$ cat start.txt   # compact mmCIF, C-alpha atoms
# COMPACT_ATOMS: atom_id res chain seq x y z
CA MET A 40 -8.87 -9.84 31.91
CA SER A 41 -11.14 -7.61 33.94
CA GLU A 42 -8.33 -5.18 34.63
CA ILE A 43 -7.91 -4.64 30.89
CA GLU A 44 -11.68 -4.39 30.58
CA ASN A 45 -11.74 -1.67 33.23
CA LYS A 46 -9.02 0.24 31.44
CA ILE A 47 -10.89 0.06 28.14
CA ARG A 48 -14.02 1.42 29.85
CA GLU A 49 -12.02 4.14 31.55
CA GLU A 50 -10.41 5.29 28.29
CA ALA A 51 -13.74 5.17 26.47
CA ARG A 52 -15.38 7.17 29.24
CA LYS A 53 -12.62 9.77 29.23
CA ALA A 54 -12.78 10.22 25.47
CA LEU A 55 -16.58 10.38 25.38
CA GLU A 56 -16.79 12.80 28.30
CA SER A 57 -14.17 15.11 26.82
CA GLY A 58 -16.41 15.44 23.77
CA GLU A 59 -13.51 14.49 21.55
CA ILE A 60 -15.47 11.56 20.14
CA SER A 61 -19.18 10.79 20.04
CA LEU A 62 -19.03 7.05 19.49
CA VAL A 63 -16.94 4.13 20.66
CA ILE A 64 -17.07 0.87 18.74
CA GLY A 65 -16.14 -2.15 20.83
CA TRP A 66 -17.18 -5.65 21.79
CA GLY A 67 -20.09 -6.34 24.12
CA GLU A 68 -21.45 -9.39 25.83
CA GLY A 69 -23.05 -11.82 23.38
CA SER A 70 -26.44 -13.50 23.66
CA VAL A 71 -24.74 -16.81 24.45
CA PRO A 72 -21.53 -17.64 26.33
CA PHE A 73 -18.39 -17.88 24.17
CA LYS A 74 -19.63 -15.12 21.89
CA THR A 75 -19.36 -11.37 21.83
CA THR A 76 -21.21 -8.89 19.71
CA PRO A 77 -20.16 -5.50 18.35
CA VAL A 78 -21.48 -2.62 20.46
CA PHE A 79 -21.74 1.05 19.63
CA VAL A 80 -21.40 3.18 22.74
CA GLU A 81 -22.54 6.77 22.40
CA LYS A 82 -22.95 7.78 26.06
CA ALA A 83 -20.31 7.76 28.77
CA ASP A 84 -22.80 6.00 31.06
CA ASP A 85 -22.91 3.03 28.69
CA VAL A 86 -19.19 2.22 28.69
CA ASP A 87 -19.80 -0.76 30.96
CA LYS A 88 -21.23 -2.51 27.94
CA LEU A 89 -17.67 -2.90 26.65
CA VAL A 90 -15.99 -6.23 27.34
CA TRP A 91 -12.67 -7.89 26.57
CA ASN A 92 -12.16 -11.62 26.51
CA LYS A 93 -10.93 -14.42 24.27
CA PHE A 94 -14.07 -14.21 22.15
CA CYS A 95 -13.64 -10.62 20.99
CA VAL A 96 -13.04 -11.88 17.48
CA ASN A 97 -14.84 -9.40 15.23
CA ASN A 98 -12.68 -7.07 13.22
CA LEU A 99 -14.53 -3.87 14.06
CA ALA A 100 -12.66 -1.81 11.46
CA VAL A 101 -15.38 -2.90 9.04
CA TYR A 102 -17.68 -0.27 10.59
CA LEU A 103 -15.26 2.63 10.22
CA PRO A 104 -15.79 3.77 6.61
CA LYS A 105 -19.47 4.38 7.35
CA THR A 106 -19.22 5.78 10.88
CA ALA A 107 -16.02 7.84 10.75
CA ARG A 108 -16.67 9.64 7.49
CA ASP A 109 -17.19 13.08 8.98
CA ARG A 110 -16.68 12.71 12.68
CA LYS A 111 -14.18 11.25 15.09
CA VAL A 112 -14.90 7.74 16.27
CA GLY A 113 -13.28 5.66 18.98
CA ILE A 114 -12.54 2.02 18.31
CA VAL A 115 -11.28 -0.81 20.48
CA ALA A 116 -8.91 -2.82 18.32
CA LYS A 117 -6.58 -5.78 18.38
CA PRO A 118 -3.29 -5.53 16.46
CA CYS A 119 -4.84 -7.25 13.41
CA ASP A 120 -7.81 -4.88 13.44
CA ILE A 121 -5.33 -2.02 13.56
CA ARG A 122 -3.70 -3.30 10.38
CA SER A 123 -7.13 -2.98 8.78
CA ILE A 124 -7.42 0.57 10.07
CA VAL A 125 -3.99 1.38 8.60
CA THR A 126 -5.13 0.02 5.23
CA LEU A 127 -8.32 2.08 5.38
CA ILE A 128 -6.31 5.22 6.12
CA GLN A 129 -3.83 4.47 3.31
CA GLU A 130 -6.69 3.93 0.90
CA LYS A 131 -8.23 7.22 2.01
CA GLN A 132 -11.46 5.70 3.27
CA ILE A 133 -11.00 7.33 6.68
CA LYS A 134 -8.72 9.99 8.08
CA ARG A 135 -6.23 9.24 10.82
CA GLU A 136 -7.51 12.22 12.79
CA ASN A 137 -11.02 10.74 12.64
CA VAL A 138 -10.17 7.62 14.61
CA PHE A 139 -9.28 7.29 18.24
CA ILE A 140 -7.65 3.90 18.56
CA ILE A 141 -7.77 2.07 21.86
CA ALA A 142 -5.24 -0.64 21.07
CA LEU A 143 -5.06 -3.95 22.89
CA GLY A 144 -2.22 -6.37 23.32
CA CYS A 145 -3.27 -9.73 21.98
CA GLY A 146 -2.39 -13.34 22.61
CA GLY A 147 -4.70 -14.68 19.93
CA VAL A 148 -8.46 -15.07 20.18
CA ALA A 149 -10.30 -18.31 20.76
CA ASP A 150 -11.96 -20.52 18.20
CA ALA A 151 -15.64 -20.43 19.22
CA THR A 152 -16.40 -23.63 17.31
CA VAL A 153 -14.35 -25.62 19.85
CA PRO A 154 -15.60 -25.84 23.46
CA GLY A 155 -13.65 -23.80 25.99
CA GLU A 156 -11.47 -20.83 25.35
CA SER A 157 -8.05 -22.43 25.15
CA THR A 158 -8.11 -23.30 21.43
CA PRO A 159 -6.74 -20.35 19.45
CA ARG A 160 -8.07 -19.58 16.01
CA GLN A 161 -5.97 -21.01 13.18
CA MET A 162 -5.48 -17.53 11.78
CA CYS A 163 -3.96 -16.39 15.10
CA LEU A 164 -1.34 -19.11 14.95
CA LEU A 165 0.00 -17.45 11.82
CA CYS A 166 0.02 -13.94 13.18
CA GLU A 167 3.47 -12.42 13.05
CA LYS A 168 2.54 -8.88 13.91
CA ARG A 169 1.28 -8.79 17.43
CA GLN A 170 2.29 -5.22 18.14
CA PRO A 171 -0.23 -2.47 17.40
CA ALA A 172 1.09 -0.51 14.40
CA ILE A 173 -0.66 2.74 15.29
CA TYR A 174 -2.67 3.73 18.35
CA ASP A 175 -3.76 6.53 20.64
CA VAL A 176 -3.85 4.44 23.80
CA VAL A 177 -2.44 0.97 24.25
CA ILE A 178 -3.68 -1.45 26.91
CA GLY A 179 -2.15 -4.78 27.88
CA GLU A 180 0.69 -6.68 26.30
CA SER A 181 0.92 -9.09 23.42
CA VAL A 182 1.88 -12.69 24.07
CA PRO A 183 3.37 -14.97 21.43
CA LEU A 184 1.61 -18.20 20.46
CA GLU A 185 3.84 -21.14 19.86
CA GLU A 186 1.44 -23.79 18.66
CA PRO A 187 2.09 -25.03 15.11
CA ARG A 188 -0.63 -24.53 12.60
CA ALA A 189 -2.49 -27.35 10.92
CA GLN A 190 -2.22 -27.67 7.13
CA ILE A 191 -5.77 -27.12 5.92
CA ILE A 192 -5.50 -27.17 2.15
CA PRO A 193 -3.66 -29.83 0.12
CA GLU A 194 0.01 -29.07 -0.22
CA LEU A 195 0.21 -30.68 -3.63
CA LEU A 196 -0.87 -28.29 -6.36
CA GLU A 197 -2.26 -31.18 -8.43
CA GLU A 198 -4.82 -31.88 -5.74
CA ARG A 199 -5.84 -28.30 -5.40
CA GLN A 200 -8.22 -27.99 -8.37
CA LYS A 201 -10.42 -30.82 -7.12
CA TYR A 202 -10.19 -29.54 -3.55
CA TRP A 203 -11.37 -26.05 -4.43
CA ALA A 204 -14.08 -27.36 -6.75
CA GLU A 205 -15.44 -29.32 -3.80
CA GLN A 206 -15.14 -26.37 -1.45
CA PHE A 207 -16.77 -23.91 -3.84
CA SER A 208 -19.61 -26.31 -4.60
CA LYS A 209 -20.67 -25.71 -0.98
CA CYS A 210 -20.82 -21.93 -1.42
CA ILE A 211 -24.35 -20.55 -1.11
CA ARG A 212 -23.28 -17.08 -2.26
CA CYS A 213 -24.48 -15.37 0.90
CA TYR A 214 -21.57 -12.90 0.59
CA ALA A 215 -20.97 -12.99 4.35
CA CYS A 216 -17.22 -13.10 3.61
CA ARG A 217 -17.52 -9.88 1.67
CA GLN A 218 -19.78 -8.11 4.16
CA VAL A 219 -17.51 -8.82 7.11
CA CYS A 220 -14.33 -7.80 5.29
CA PRO A 221 -12.95 -4.35 6.19
CA ALA A 222 -11.20 -4.20 2.80
CA CYS A 223 -14.46 -4.90 0.87
CA TYR A 224 -15.92 -1.43 1.05
CA CYS A 225 -16.74 -0.95 -2.65
CA ARG A 226 -20.13 0.63 -3.02
CA LEU A 227 -20.79 -1.53 -6.05
CA CYS A 228 -19.14 -4.92 -5.86
CA PHE A 229 -18.31 -6.70 -9.11
CA ALA A 230 -20.48 -9.57 -7.88
CA ASP A 231 -23.53 -7.29 -7.86
CA ARG A 232 -22.87 -5.80 -11.28
CA VAL A 233 -25.30 -6.74 -13.99
CA GLU A 234 -23.33 -5.25 -16.88
CA PRO A 235 -20.76 -6.66 -17.30
CA ARG A 236 -21.91 -9.64 -15.33
CA TRP A 237 -18.67 -11.11 -14.07
CA THR A 238 -20.34 -13.83 -12.11
CA ALA A 239 -23.93 -15.04 -12.27
CA ARG A 240 -25.94 -15.02 -9.08
CA LYS A 241 -26.28 -18.69 -8.72
CA ALA A 242 -24.76 -21.11 -6.29
CA THR A 243 -22.80 -23.31 -8.67
CA ALA A 244 -19.19 -24.28 -8.12
CA ASP A 245 -17.85 -22.48 -11.20
CA GLU A 246 -19.63 -19.20 -10.46
CA ALA A 247 -18.45 -19.41 -6.85
CA TRP A 248 -14.93 -20.08 -8.17
CA MET A 249 -15.16 -16.90 -10.20
CA PHE A 250 -16.46 -14.92 -7.23
CA HIS A 251 -13.88 -16.12 -4.73
CA SER A 252 -10.89 -16.05 -7.06
CA THR A 253 -11.71 -12.50 -8.16
CA ARG A 254 -12.24 -11.46 -4.59
CA VAL A 255 -8.76 -12.75 -3.69
CA MET A 256 -7.34 -10.80 -6.63
CA HIS A 257 -9.12 -7.64 -5.47
CA LEU A 258 -7.65 -8.15 -2.01
CA ALA A 259 -4.12 -8.61 -3.32
CA GLY A 260 -1.84 -6.46 -1.19
CA ARG A 261 -4.81 -5.28 0.85
CA CYS A 262 -5.81 -8.31 2.91
CA ILE A 263 -4.30 -8.12 6.38
CA GLN A 264 -5.33 -11.69 7.21
CA CYS A 265 -7.69 -11.26 10.10
CA GLY A 266 -9.48 -14.37 8.87
CA GLU A 267 -12.94 -12.91 9.35
CA CYS A 268 -14.13 -14.22 5.95
CA GLU A 269 -13.30 -17.73 7.03
CA ARG A 270 -14.91 -17.35 10.45
CA VAL A 271 -18.27 -16.13 9.15
CA CYS A 272 -18.55 -18.64 6.32
CA PRO A 273 -21.67 -20.67 7.09
CA VAL A 274 -20.42 -23.64 5.08
CA GLY A 275 -16.80 -23.55 6.23
CA ILE A 276 -14.88 -22.70 3.07
CA PRO A 277 -11.28 -21.76 4.01
CA VAL A 278 -11.30 -18.68 1.73
CA ALA A 279 -8.64 -16.90 3.77
CA GLU A 280 -6.10 -19.51 2.70
CA LEU A 281 -6.02 -18.18 -0.85
CA ALA A 282 -5.54 -14.61 0.37
CA ARG A 283 -2.82 -15.84 2.72
CA GLU A 284 -0.88 -17.47 -0.12
CA MET A 285 -1.35 -14.31 -2.18
CA ALA A 286 0.07 -12.19 0.65
CA ALA A 287 3.08 -14.51 0.92
CA VAL A 288 3.81 -14.10 -2.79
CA ILE A 289 3.49 -10.32 -2.51
CA LYS A 290 5.89 -10.30 0.42
CA ALA A 291 8.39 -12.48 -1.43
CA ASN A 292 8.17 -10.66 -4.77
CA TYR A 293 7.74 -7.04 -3.76
CA ASN A 294 8.62 -6.96 -0.06
CA TYR A 295 5.21 -5.40 0.54
CA GLU A 296 2.99 -6.04 3.53
CA ALA A 297 -0.61 -4.91 3.81
CA GLY A 298 -1.39 -2.95 6.94
CA ASP A 299 2.16 -1.74 7.43
CA PRO A 300 2.21 2.03 8.02
CA LYS A 301 5.49 2.34 6.08
CA GLU A 302 3.83 1.47 2.74
CA VAL A 303 3.10 4.60 0.72
CA ALA A 304 1.50 3.26 -2.47
CA PRO A 305 -0.59 0.13 -3.10
CA VAL A 306 1.43 -2.83 -4.34
CA LEU A 307 -0.41 -2.90 -7.68
CA GLY A 308 -0.21 0.86 -8.07
CA GLN A 309 3.56 0.89 -8.28
CA PHE A 310 6.33 -1.03 -10.03
CA ARG A 311 10.06 -1.37 -10.21
CA GLU A 312 12.08 -1.94 -13.33
CA ASP A 313 13.58 -5.10 -11.88
CA ASP A 314 10.28 -6.64 -10.77
CA VAL A 315 9.79 -10.39 -11.02
CA ASP A 316 9.07 -11.24 -14.66
CA PRO A 317 6.16 -13.66 -15.14
CA ALA A 318 7.04 -14.21 -18.83
CA GLN A 319 8.10 -17.76 -19.55
CA HIS A 320 10.55 -16.73 -22.29
CA SER A 321 10.20 -19.78 -24.45
CA GLU A 322 12.43 -19.18 -27.42
CA MET B 30 14.91 -16.62 -40.76
CA ALA B 31 13.46 -18.41 -43.76
CA GLU B 32 14.48 -21.73 -42.30
CA GLU B 33 12.93 -20.88 -38.97
CA THR B 34 9.70 -19.85 -40.70
CA ALA B 35 9.61 -23.11 -42.60
CA VAL B 36 9.89 -25.04 -39.31
CA ILE B 37 7.04 -23.12 -37.69
CA ASN B 38 4.91 -23.50 -40.80
CA LYS B 39 5.55 -27.21 -40.87
CA ARG B 40 4.66 -27.67 -37.22
CA SER B 41 1.44 -25.69 -37.48
CA GLU B 42 0.47 -27.53 -40.64
CA GLU B 43 0.94 -30.77 -38.78
CA ILE B 44 -1.46 -29.51 -36.15
CA ALA B 45 -3.96 -28.46 -38.83
CA GLU B 46 -3.70 -31.81 -40.64
CA ALA B 47 -4.50 -33.64 -37.48
CA SER B 48 -7.95 -32.05 -37.67
CA ASP B 49 -9.74 -35.22 -36.64
CA GLU B 50 -7.81 -34.95 -33.39
CA TRP B 51 -9.01 -32.74 -30.57
CA GLN B 52 -8.00 -29.11 -31.00
CA PRO B 53 -7.75 -26.83 -28.00
CA THR B 54 -9.42 -23.45 -27.74
CA ILE B 55 -7.08 -20.77 -26.52
CA LEU B 56 -7.96 -17.30 -25.35
CA GLY B 57 -5.39 -14.74 -26.42
CA ILE B 58 -5.40 -11.27 -24.94
CA LEU B 59 -3.08 -9.05 -26.99
CA CYS B 60 -1.87 -5.52 -26.63
CA ASN B 61 -2.84 -3.38 -29.63
CA TRP B 62 0.54 -1.74 -30.17
CA CYS B 63 2.96 -4.63 -30.03
CA SER B 64 1.56 -8.12 -29.81
CA TYR B 65 -1.52 -7.55 -31.94
CA ALA B 66 0.65 -5.85 -34.52
CA GLY B 67 3.00 -8.83 -34.24
CA ALA B 68 0.07 -11.15 -34.93
CA ASP B 69 -0.85 -8.95 -37.86
CA LEU B 70 2.67 -9.20 -39.18
CA ALA B 71 2.52 -12.98 -38.91
CA GLY B 72 -0.60 -12.83 -41.06
CA SER B 73 0.88 -10.42 -43.63
CA ALA B 74 3.98 -12.59 -43.87
CA ARG B 75 1.70 -15.57 -44.64
CA LEU B 76 3.03 -17.45 -41.65
CA HIS B 77 1.03 -20.41 -40.50
CA TYR B 78 -0.05 -20.81 -36.96
CA PRO B 79 -2.77 -23.00 -35.45
CA GLU B 80 -6.34 -21.78 -35.60
CA THR B 81 -6.72 -22.52 -31.93
CA ILE B 82 -6.27 -18.99 -30.65
CA ARG B 83 -9.19 -16.56 -30.22
CA ILE B 84 -7.74 -13.10 -29.99
CA ILE B 85 -9.07 -10.20 -27.95
CA ARG B 86 -7.36 -6.93 -28.71
CA VAL B 87 -6.82 -4.58 -25.77
CA PRO B 88 -5.30 -1.08 -25.86
CA CYS B 89 -2.43 -2.11 -23.57
CA SER B 90 -1.38 -5.05 -21.46
CA GLY B 91 -2.10 -2.69 -18.57
CA ARG B 92 -5.76 -3.00 -19.58
CA VAL B 93 -5.71 -6.72 -18.82
CA ASP B 94 -7.74 -7.10 -15.69
CA PRO B 95 -6.82 -10.36 -13.95
CA MET B 96 -10.56 -11.06 -14.10
CA PHE B 97 -10.23 -11.54 -17.88
CA VAL B 98 -7.88 -14.42 -17.25
CA LEU B 99 -10.04 -15.91 -14.50
CA LYS B 100 -13.17 -15.53 -16.63
CA GLY B 101 -11.41 -17.32 -19.47
CA PHE B 102 -10.81 -20.35 -17.29
CA GLN B 103 -14.26 -20.21 -15.76
CA LYS B 104 -15.76 -20.25 -19.26
CA GLY B 105 -13.71 -23.33 -20.03
CA PHE B 106 -10.93 -22.18 -22.35
CA ASP B 107 -8.22 -24.82 -22.54
CA GLY B 108 -5.52 -22.20 -22.21
CA VAL B 109 -5.14 -18.47 -21.76
CA MET B 110 -2.35 -16.43 -23.29
CA VAL B 111 -1.55 -12.81 -22.48
CA LEU B 112 0.91 -10.94 -24.66
CA GLY B 113 2.22 -7.40 -24.23
CA CYS B 114 4.99 -5.03 -25.27
CA HIS B 115 8.49 -5.68 -24.00
CA PRO B 116 9.35 -3.79 -20.79
CA GLY B 117 10.44 -0.31 -21.79
CA ASP B 118 8.47 -0.42 -25.05
CA CYS B 119 4.99 0.41 -23.79
CA HIS B 120 3.03 2.81 -25.98
CA TYR B 121 1.75 4.37 -22.77
CA ALA B 122 5.21 4.38 -21.16
CA LYS B 123 4.48 2.13 -18.20
CA GLY B 124 1.27 0.13 -18.69
CA ASN B 125 3.16 -3.11 -19.14
CA TYR B 126 5.07 -2.57 -15.89
CA TYR B 127 1.78 -2.44 -13.99
CA ALA B 128 0.60 -5.44 -15.98
CA ARG B 129 3.71 -7.36 -15.01
CA ARG B 130 2.80 -7.26 -11.31
CA ARG B 131 -0.84 -8.13 -11.90
CA ILE B 132 -0.01 -11.01 -14.19
CA ALA B 133 2.58 -12.37 -11.75
CA LEU B 134 -0.09 -12.37 -9.05
CA VAL B 135 -2.84 -13.94 -11.12
CA GLN B 136 -0.34 -16.58 -12.23
CA ASN B 137 0.29 -17.43 -8.59
CA LEU B 138 -3.41 -17.37 -7.80
CA LEU B 139 -4.05 -19.91 -10.57
CA LYS B 140 -1.33 -22.07 -9.04
CA SER B 141 -2.95 -21.80 -5.59
CA LEU B 142 -6.25 -22.82 -7.15
CA GLY B 143 -4.65 -25.84 -8.75
CA ILE B 144 -5.02 -24.78 -12.39
CA PRO B 145 -1.97 -26.31 -14.14
CA GLU B 146 0.56 -23.56 -14.84
CA GLU B 147 1.05 -24.86 -18.36
CA ARG B 148 -2.43 -23.63 -19.24
CA PHE B 149 -1.50 -19.99 -18.74
CA HIS B 150 1.13 -18.25 -20.78
CA PHE B 151 2.42 -14.73 -20.52
CA GLU B 152 4.97 -13.30 -22.90
CA TRP B 153 6.39 -10.09 -24.31
CA VAL B 154 5.96 -9.90 -28.09
CA SER B 155 6.88 -6.83 -30.13
CA ALA B 156 5.34 -5.60 -33.39
CA SER B 157 8.30 -6.92 -35.36
CA GLU B 158 8.13 -10.41 -33.88
CA GLY B 159 5.60 -11.97 -36.24
CA ASN B 160 7.68 -15.09 -36.41
CA ARG B 161 7.92 -15.33 -32.69
CA PHE B 162 4.15 -14.86 -32.34
CA ALA B 163 3.47 -17.74 -34.70
CA GLN B 164 6.01 -19.83 -32.85
CA LEU B 165 4.52 -19.04 -29.43
CA VAL B 166 1.00 -19.96 -30.54
CA THR B 167 2.27 -23.16 -32.12
CA GLU B 168 4.21 -24.15 -29.02
CA PHE B 169 1.42 -23.23 -26.66
CA THR B 170 -1.05 -25.24 -28.75
CA GLU B 171 1.25 -28.26 -28.63
CA GLN B 172 1.65 -27.82 -24.90
CA ILE B 173 -2.14 -27.70 -24.34
CA LYS B 174 -2.70 -30.64 -26.67
CA ALA B 175 -0.30 -32.66 -24.56
CA LEU B 176 -2.31 -31.76 -21.45
CA GLY B 177 -5.67 -32.56 -23.02
CA PRO B 178 -8.96 -30.67 -22.64
CA PHE B 179 -9.46 -28.49 -19.59
CA GLU B 180 -12.33 -30.00 -17.72
CA GLY B 181 -13.34 -26.78 -16.05
CA VAL B 182 -12.79 -25.17 -12.71
CA ALA B 183 -15.71 -27.06 -11.13
CA LYS B 184 -14.52 -30.53 -12.15
CA VAL B 185 -14.47 -32.82 -9.12
$ encode --input "start.txt" --output "structure tokens"
Amino acid sequence: MSEIENKIREEARKALESGEISLVIGWGEGSVPFKTTPVFVEKADDVDKLVWNKFCVNNLAVYLPKTARDRKVGIVAKPCDIRSIVTLIQEKQIKRENVFIIALGCGGVADATVPGESTPRQMCLLCEKRQPAIYDVVIGESVPLEEPRAQIIPELLEERQKYWAEQFSKCIRCYACRQVCPACYCRLCFADRVEPRWTARKATADEAWMFHSTRVMHLAGRCIQCGECERVCPVGIPVAELAREMAAVIKANYNYEAGDPKEVAPVLGQFREDDVDPAQHSE
Amino acid sequence: MAEETAVINKRSEEIAEASDEWQPTILGILCNWCSYAGADLAGSARLHYPETIRIIRVPCSGRVDPMFVLKGFQKGFDGVMVLGCHPGDCHYAKGNYYARRRIALVQNLLKSLGIPEERFHFEWVSASEGNRFAQLVTEFTEQIKALGPFEGVAKV
């Protein structure tokens, strides 16, 4: 671990000293063990603040649209975070030449809600893309995870409505899921709009249903499944599951994957004449 | 044609006569150029169809934001129906092709959320298909009646 950490610091120092970038976003030591916190390193002397361990969970790409608007920024990123960066570049929120990506190999990060560091996050068990898609420097190697993933939501569709009603009744509408999401960069979110008011600002199950279901729709073909929304949820709603199922449908129907550098247009901004037809054709 | 019309009329009259029974409320989102014109034709041709559908006219099926569908269910409609021009017939050349992807995704999202698929219906209806429009509304109404009232997205 510390060897990788040293390399990250070395690369950050080199880039900062060369004057190529004026900021490196990475993970730093948290206030408690088993936690890290995002750090913003602006001076080469501060690079020792950067750490790398199993608890570097945050998807730091969320800070890029604001910090890399008109300057070049360095970022330490796992392969999933890099998929977010790819999406941000494709959606023209940042320019490729404005990010210096220090990519890391990844063997999954740890679930901080379970003691120790050997329990991987559920989201990591699903990860199929462990190779950094784009990078300037790459450090370490990715390791596959072989553990099967637990089924969180009911498999039977008939049980789903009740399940989600129960889940959404817990929602306190703190919007942490939205704030932590690198794809949720809208300056005015539909949830904050007053006219038209798509969803009232109250913590009832049906308004939360409207908020979360719309959010999943807005993330269609854009969510790279880092699972940050799920991690930050203070009441433990598995919101990422809906986005995950959506991504699976998009892959099956349109052979489109969010965060893949080969995609040229958003999945909902293009069509083919032989697309899947949702019409039921009852004659 | 006349025979077919008579069948649809009979079925929708049966629904209307059973007025003491529960009648569903259906949200219909119709494209102005094809489906709405089709609905208009059904009216001009004096075709009967159940009074269960509440129609919103939109310029194109490409205007149908998936949020309209979600909002319909959140507000407690028993069923939501989206109708647009046949592929290739869009007044704006390709609006319905974009709609097709969005609707396919919102359909799957509703499935993921456990809203019975029978409560959502998407179909292509042209301006000349007045008969078909009346038939679709009749069938969809029967389908929803068989399911019973939608108890809302927050029903535990």
$ interface_residues --input "start.txt" --of "chain A" --to "chain B" --cutoff "9 Å" --atoms "all atoms listed in the file" --output "number ranges by chain"
A: 195-205, 207-208, 237-238, 243-246, 248-249, 252-253, 255-256, 259, 281-282, 284-285, 288-289, 306-312, 314-322
$ write_last_selection --input "start.txt" --atoms "C-alpha atoms" --output "compact mmCIF listing (two decimals), in the coordinates of the input"
# COMPACT_ATOMS: atom_id res chain seq x y z
CA LEU A 195 0.21 -30.68 -3.63
CA LEU A 196 -0.87 -28.29 -6.36
CA GLU A 197 -2.26 -31.18 -8.43
CA GLU A 198 -4.82 -31.88 -5.74
CA ARG A 199 -5.84 -28.30 -5.40
CA GLN A 200 -8.22 -27.99 -8.37
CA LYS A 201 -10.42 -30.82 -7.12
CA TYR A 202 -10.19 -29.54 -3.55
CA TRP A 203 -11.37 -26.05 -4.43
CA ALA A 204 -14.08 -27.36 -6.75
CA GLU A 205 -15.44 -29.32 -3.80
CA PHE A 207 -16.77 -23.91 -3.84
CA SER A 208 -19.61 -26.31 -4.60
CA TRP A 237 -18.67 -11.11 -14.07
CA THR A 238 -20.34 -13.83 -12.11
CA THR A 243 -22.80 -23.31 -8.67
CA ALA A 244 -19.19 -24.28 -8.12
CA ASP A 245 -17.85 -22.48 -11.20
CA GLU A 246 -19.63 -19.20 -10.46
CA TRP A 248 -14.93 -20.08 -8.17
CA MET A 249 -15.16 -16.90 -10.20
CA SER A 252 -10.89 -16.05 -7.06
CA THR A 253 -11.71 -12.50 -8.16
CA VAL A 255 -8.76 -12.75 -3.69
CA MET A 256 -7.34 -10.80 -6.63
CA ALA A 259 -4.12 -8.61 -3.32
CA LEU A 281 -6.02 -18.18 -0.85
CA ALA A 282 -5.54 -14.61 0.37
CA GLU A 284 -0.88 -17.47 -0.12
CA MET A 285 -1.35 -14.31 -2.18
CA VAL A 288 3.81 -14.10 -2.79
CA ILE A 289 3.49 -10.32 -2.51
CA VAL A 306 1.43 -2.83 -4.34
CA LEU A 307 -0.41 -2.90 -7.68
CA GLY A 308 -0.21 0.86 -8.07
CA GLN A 309 3.56 0.89 -8.28
CA PHE A 310 6.33 -1.03 -10.03
CA ARG A 311 10.06 -1.37 -10.21
CA GLU A 312 12.08 -1.94 -13.33
CA ASP A 314 10.28 -6.64 -10.77
CA VAL A 315 9.79 -10.39 -11.02
CA ASP A 316 9.07 -11.24 -14.66
CA PRO A 317 6.16 -13.66 -15.14
CA ALA A 318 7.04 -14.21 -18.83
CA GLN A 319 8.10 -17.76 -19.55
CA HIS A 320 10.55 -16.73 -22.29
CA SER A 321 10.20 -19.78 -24.45
CA GLU A 322 12.43 -19.18 -27.42
$ atom_distance --input "start.txt" --atom1 "atom CA of Lys209 of chain A" --atom2 "atom CA of Arg283 of chain A"
20.7 Å
$ residues_around --input "start.txt" --residues "segment 58-66 of chain A" --least-positions-apart "4" --cutoff "12 Å" --atoms "only C-alpha atoms" --output "PyMOL selection string"
chain A and resi 44+47-54+74-83+85-103+106-107+109-117+120+136-143
$ atom_distance --input "start.txt" --atom1 "atom CA of Glu186 of chain A" --atom2 "atom CA of Pro159 of chain A"
8.9 Å
$ closest_residue --input "start.txt" --among "B:Asp107, B:Val93, B:Cys114, B:Val36" --to "Glu158 of chain B" --atoms "all atoms listed in the file"
B:Cys114
$ residues_around --input "start.txt" --residues "Leu76 of chain B" --least-positions-apart "5" --cutoff "9 Å" --atoms "only C-alpha atoms" --output "CSV table (one decimal) with C-alpha atoms, in the coordinates of the input"
chain,number,residue,atom,x,y,z
B,34,THR,CA,9.7,-19.8,-40.7
B,35,ALA,CA,9.6,-23.1,-42.6
B,37,ILE,CA,7.0,-23.1,-37.7
B,38,ASN,CA,4.9,-23.5,-40.8
B,70,LEU,CA,2.7,-9.2,-39.2
B,71,ALA,CA,2.5,-13.0,-38.9
B,159,GLY,CA,5.6,-12.0,-36.2
B,160,ASN,CA,7.7,-15.1,-36.4
B,163,ALA,CA,3.5,-17.7,-34.7
$ atom_distance --input "start.txt" --atom1 "atom CA of Tyr295 of chain A" --atom2 "atom CA of Val87 of chain B"
28.9 Å
$ residues_near_point --input "start.txt" --point "(-3.2, -2.1, 13.3)" --cutoff "9 Å" --atoms "all atoms listed in the file" --output "compact mmCIF listing (two decimals) with C-alpha atoms, keeping the file's coordinate frame"
# COMPACT_ATOMS: atom_id res chain seq x y z
CA ALA A 116 -8.91 -2.82 18.32
CA LYS A 117 -6.58 -5.78 18.38
CA PRO A 118 -3.29 -5.53 16.46
CA CYS A 119 -4.84 -7.25 13.41
CA ASP A 120 -7.81 -4.88 13.44
CA ILE A 121 -5.33 -2.02 13.56
CA ARG A 122 -3.70 -3.30 10.38
CA SER A 123 -7.13 -2.98 8.78
CA ILE A 124 -7.42 0.57 10.07
CA VAL A 125 -3.99 1.38 8.60
CA THR A 126 -5.13 0.02 5.23
CA ALA A 142 -5.24 -0.64 21.07
CA LYS A 168 2.54 -8.88 13.91
CA GLN A 170 2.29 -5.22 18.14
CA PRO A 171 -0.23 -2.47 17.40
CA ALA A 172 1.09 -0.51 14.40
CA ILE A 173 -0.66 2.74 15.29
CA TYR A 174 -2.67 3.73 18.35
CA GLY A 298 -1.39 -2.95 6.94
CA ASP A 299 2.16 -1.74 7.43
CA PRO A 300 2.21 2.03 8.02
$ residues_near_point --input "start.txt" --point "(0.0, -11.7, 22.3)" --cutoff "8 Å" --atoms "all atoms listed in the file" --output "PyMOL selection string"
chain A and resi 144-147+169+180-184
